[in-house]
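Remarks on the structure that follows.
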Amino acid sequence: MTSTDHFDVIVLGGGQAGLTAAITAAENGASVCILEVAPRAMRGGNTRHTRNLRPMHESGAFPMEGAYGFDEYLDDLLRVTGGETDHALAELTIRESEHAITWLQDHGVAFQPPLSGTLHLGRTNAFFLGGGKALVNSLYRFAANLGVHTVYEATNIDLNISGTRFIDLTYQQESNTHRISGHCLVAAAGGFEANLDWLEEAWGPAARNFLVRGTPYNKGNILRQLLDAEFKQVGDPDQCHAVAIDGRAPTYDGGIVSRVDSVPLGIVVNNAGKRFFDEGEDFWPKRYAIWGRLIAAQTDQIGYAITDAKADGLFMPTVLPPLKSKTIDGLAKQIDIPAAALLQTIDQFNAATISGSFNHQALDDCRTQDLLINKSHWARKIDTPPYSAYPLRPGITFTYLGVAVDNQARLQVGSGNACENIFAAGEVMAGNILGHGYLAGIGMTIGHVFGRIAGKEAAKHAH
Amino acid sequence: MPTDKTTAEAIRVMTICNACRYCEGHCAVFPAMERQTAFTKNNIEFLSNLCHQCGACYQHCQYADPHEFDINVPAVFEQARLESYTQFLWPAFMQPAVLNGSRFMATSLLVSISLFLLAVTEQAGVSHILAPQVNFYNLMPHSVMASIFSFAALAVVISWWMTLREYWHSISLPSPWSIGMASYSAAITSALTLKNLDGGHGDGCYESGESPSLWKRRFHHLVLIGFFLCFSATLVGTFYHYGLDVPAPYGWLTLPKILGVTGGIMLLVGCAGLFRTKQTTDHRLVSSDNGYGMSLTVLLFFTSLTGLGLPIAQGTGALGLLLAVHLGCVLALFLNFAWGKFTHGFFRLIALLADEHQKTQ
Ligand SMILES: Cc1cc2nc3c(=O)[nH]c(=O)nc-3n(C[C@H](O)[C@H](O)[C@H](O)COP(=O)(O)OP(=O)(O)OC[C@H]3O[C@@H](n4cnc5c(N)ncnc54)[C@H](O)[C@@H]3O)c2cc1C
Ligand code: SF4
Ligand code: SF4
């Protein structure tokens, strides 16, 4: 590429949002270039790790079951966000999500029935056949066929913004600097969840003990430049989606397989051997996203999920086997917490369980009473060796801080006006709709809907 | 049975897949994996033979190289399969035939062709070998051909029986009688339609990269159908000979000829296609098999090429040589049936049957 290259639309970031924007812009006649920081083999950001999105639908046509209408969807979204959402954009997202499956199918993405263990999502979530990387590959293939130009390993992107207008940018590739200009820019480079320094600004030193579930490449460099250029911000830097994952997972990119689903079947203690939250409050898929924060609040950001032999085989298999011991004492030694404290916690817990009929597939009546922190369901005595422990760490999925956009995906300027030629899609603007909480599949849905809007508007603007 | 190293790697990979399950929709392997309560040598022998090497799960794996998990299901399963073909092979002294596929093929071709050359020369006399011939029974009597190949067929069947019996037990299949008819028919249907090469979406496999393609499946179909047609041509010919007392050569518009020529052409196209597919396969999906896999394709190709040449060479001086070469190819092919890649079909079929049977349990 020479230093004078010019494109109608430059897309920053080649995850789902960027690819969708690039394809839509190209289909609307624009010349498009995607700049992606990762090498080809690691392209696709967090989208690589996803498995589904959440489309509104009335028909139950494949791969969906039943119906999931507008009102129910909106209720769900309002409930999880506690109202922290831009209503108009939320409604727009939900309405547009209805076309997501057909659009993706038309662009080479295949779907499958809900994965085993996720049957409860069959009505609300559409699963990609082969997962997110299959989707990413299909969209890249489609984009290439449309003539979209993709540059991998484009590092140190430096935006030249004059006032509120994007002029051009430079980036480096293999230590050469290139400059390209564009009529429009689409920012789709994800959040800053892989940037531990930035997380530390918001979370303090605790952030050093976070594990990053997704790509190591989402460092937020583009978001930072846009915020520094005084575009309007949404969300707080310390808002993020964080779940409890196996503490032994890799620092980056562990993805779905680092999950530990044994929490509701036993107890969770901190490294003082004390419980700190109701493990049986609700079904794990509904609760796992609060446990990231709960563990982040413990000393050294670590917890231990402890179960006895009765729980074996009742939860999804894990990659790494649990630490096991025939005695509580032995287990305490293995996980290096005070044995006396752990014994006391378990004795108290066991004494407080009231007998009921255990059913891990329903909100059963096995609970504890008279504890400072009771367990509401699935509370059974921890008394059958061997005992198992999984170390738990906060695993950060994505951040919510982003740039504010309007219904044309255009960045907002402080004074309430829209920027002319910079658009945003995906995680970098998801905070407009999801200011708080999480709804399974909403991330990809926002990326899809705003990717299409950004691509279309950018192409329109370029002509 | 696969070596400890291969088994350990396959178990590592399956443990990660079982926690992930994103590939559940691609093929029969992943649902079968989820049914296992623990991963052992035996169920790796089962799962690896269920894998049809379509590549989908590799191209779509977020944990594939350069990710530190380095997940590559088709590669480790191919290695495990090769090792299971080796270990179960009967008699055990034939095991090097699997490990040195192309050498085994070359040797068996050389020896078989030489044998038939000698035999033909013996029958026709050195001076007449190049004389124009119309009837190949002048070059080699039907009874001699029939007895050589009956004997070879018997050896093949015994070897299959011994080899596959071991495999059957190893993957814990119960007695054949206690398996339901529905399981048999489902397994046979999957095998014949190559269901597991369709990627789960019907668009095909990912052997050559990120775009699905149906060509491998189509070429394999051509080979399979061509093979059955040629096999039927032989059966019908035998019936003509003994039942109707009508000996070869047959005219172009007789049943044995029509079956044989159609089958032969399908084999030629199918084998050439599979050969081409192999050349374009993503090298990361396969482990080196020393020509084991390709030897069957090559033998089928040359057997049908020389077979199709016979009627053309009729009445010319080339018939003698060509007949010897053709019969040599056929005999080498028989050796491959017993100790070469041909057995993969049976291993797969048994794995598919075990899969169907497990589903009913
Ligand atoms: C383990 C995991 C599982 C998930 N599962 C689901 C799910 O099932 N359903 C769901 O809806 N959501 C899920 N999410 C959330 C989902 O991943 C995101 O909402 C979605 O992928 C966001 O898409 P995106 O295109 O905005 O970002 P990404 O897919 O992350 O793409 C951003 C791209 O930008 C590139 N990039 C970053 N910085 C730069 C830069 N400076 N210059 C150039 N390029 C850059 C990155 O390399 C990347 O390719 C999951 C997240 C994780 C981590
Ligand atoms: S091959 Fe990769 S994506 Fe597929 S199930 Fe295994 S780990 Fe998951
Ligand atoms: S390579 Fe194909 S057939 Fe083999 S396990 Fe993967 S998806 Fe299944």
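Scheme for the structure tokens: letters A, B, ... for chains in order shown; per-chain residue numbers from 1; ligand numbers from 1 in order shown.
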
Next on the checklist: What does the list of residues within 7 Å of ligand 3 look like if you count only C-alpha atoms and all ligand atoms, written as a ChimeraX atom specification?
Outcome noted: /B:23,26-30,51-58,73-74,196-197,199

Next on the checklist: So that I can check the surroundings of region 19-33 of chain A, please list as a ChimeraX atom specification every protein, DNA and RNA residue that reaches within 9 Å of it, counting only C-alpha atoms and ignoring chain neighbours fewer than 2 positions away.
Outcome noted: /A:6-17,35,44,136,139-140,142-144,146-151,182,186,188,425,447-460,462-463

Next on the checklist: Taking only C-alpha atoms and all ligand atoms and a cut-off of 10 Å, can you tell me which residues surround ligand 2, written as a ChimeraX atom specification?
Outcome noted: /A:48-49,51,130-134,255-257 /B:13-26,29-30,33,55-64,69-74

Next on the checklist: Would you pick out the contacts of region 438-446 of chain A at 6 Å or less, using only C-alpha atoms, so that residues sharing its chain but fewer than 4 positions from it are not included, and give the list as number ranges by chain?
Outcome noted: A: 52-54, 426, 450

Next on the checklist: Please determine, counting only C-alpha atoms, which residue among B:Gly293, B:Gly226, B:Pro96, B:Gly202 has the shortest atom-to-atom distance to chain A.
Outcome noted: B:Gly202

Item to check | For Ala126 (chain A): contacts at 8 Å, only C-alpha atoms, fewer than 2 positions along chain excluded, given as a PyMOL selection string | outcome: chain A and resi 52-55+63-64+101+111-114+122+124+128

Next on the checklist: Between CA of Leu99 (chain B) and CA of Gln79 (chain B), what is the distance in Å, rounded to a tenth?
Outcome noted: 11.2 Å

Checklist entry - Where does DSSP see helix (DSSP H, G or I) in region 254-418 of chain A, if you list the residues as a PyMOL selection string? => result chain A and resi 255-258+263-265+284-296+299-301+309-311+328-335+339-352

Item to check | Non-local contacts of Thr85 (chain A) (7 Å; only C-alpha atoms; under 4 positions in same chain excluded) as a list in words | outcome: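 After dropping sequence-adjacent residues, the list is Thr81, Ala90, Asn432, Ile433, Leu434 and Gly435 of chain A.
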
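Nearest residue to ligand 1 among A:Ala272, A:Leu392, A:Leu343, A:Ala289 is A:Ala289, counting only C-alpha atoms and all ligand atoms.
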
Checklist entry - Which one of A:Asp383, A:Asp246, A:Glu174, A:Asp76 sits closest to Gly266 (chain A) if you count only C-alpha atoms? => result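 The closest residue to Gly266 (chain A) is A:Asp383.
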
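Put simply, CA of Ile129 (chain B) is 8.6 Å away from CA of Ala318 (chain B).
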
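Each of A:Arg259, A:Lys232, A:Arg380, A:His120 was checked against chain B using only C-alpha atoms; the smallest atom-to-atom distance is that of A:Arg259.
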
Next on the checklist: Using DSSP assignments from the backbone, pull out every residue in region 148-359 of chain A that falls under strand (DSSP E or B) and give it to me as a ChimeraX atom specification.
Outcome noted: /A:149-151,155-162,165-173,176-187,211-212,231,233-234,240-246,259,267-269,275,303-307,323-325,353-354

Checklist entry - With distances taken over only C-alpha atoms, which of B:Leu300, B:Leu253, B:Leu268, B:Met145 is nearest to Leu323 (chain B)? => result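 Among the listed residues, the smallest separation from Leu323 (chain B) belongs to B:Met145.
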
Checklist entry - Could you pull the residues within 6 Å of Gly315 (chain B), counting only C-alpha atoms, minus those fewer than 6 positions along the same chain, as an MDAnalysis selection string? => result chainID B and resid 132:134
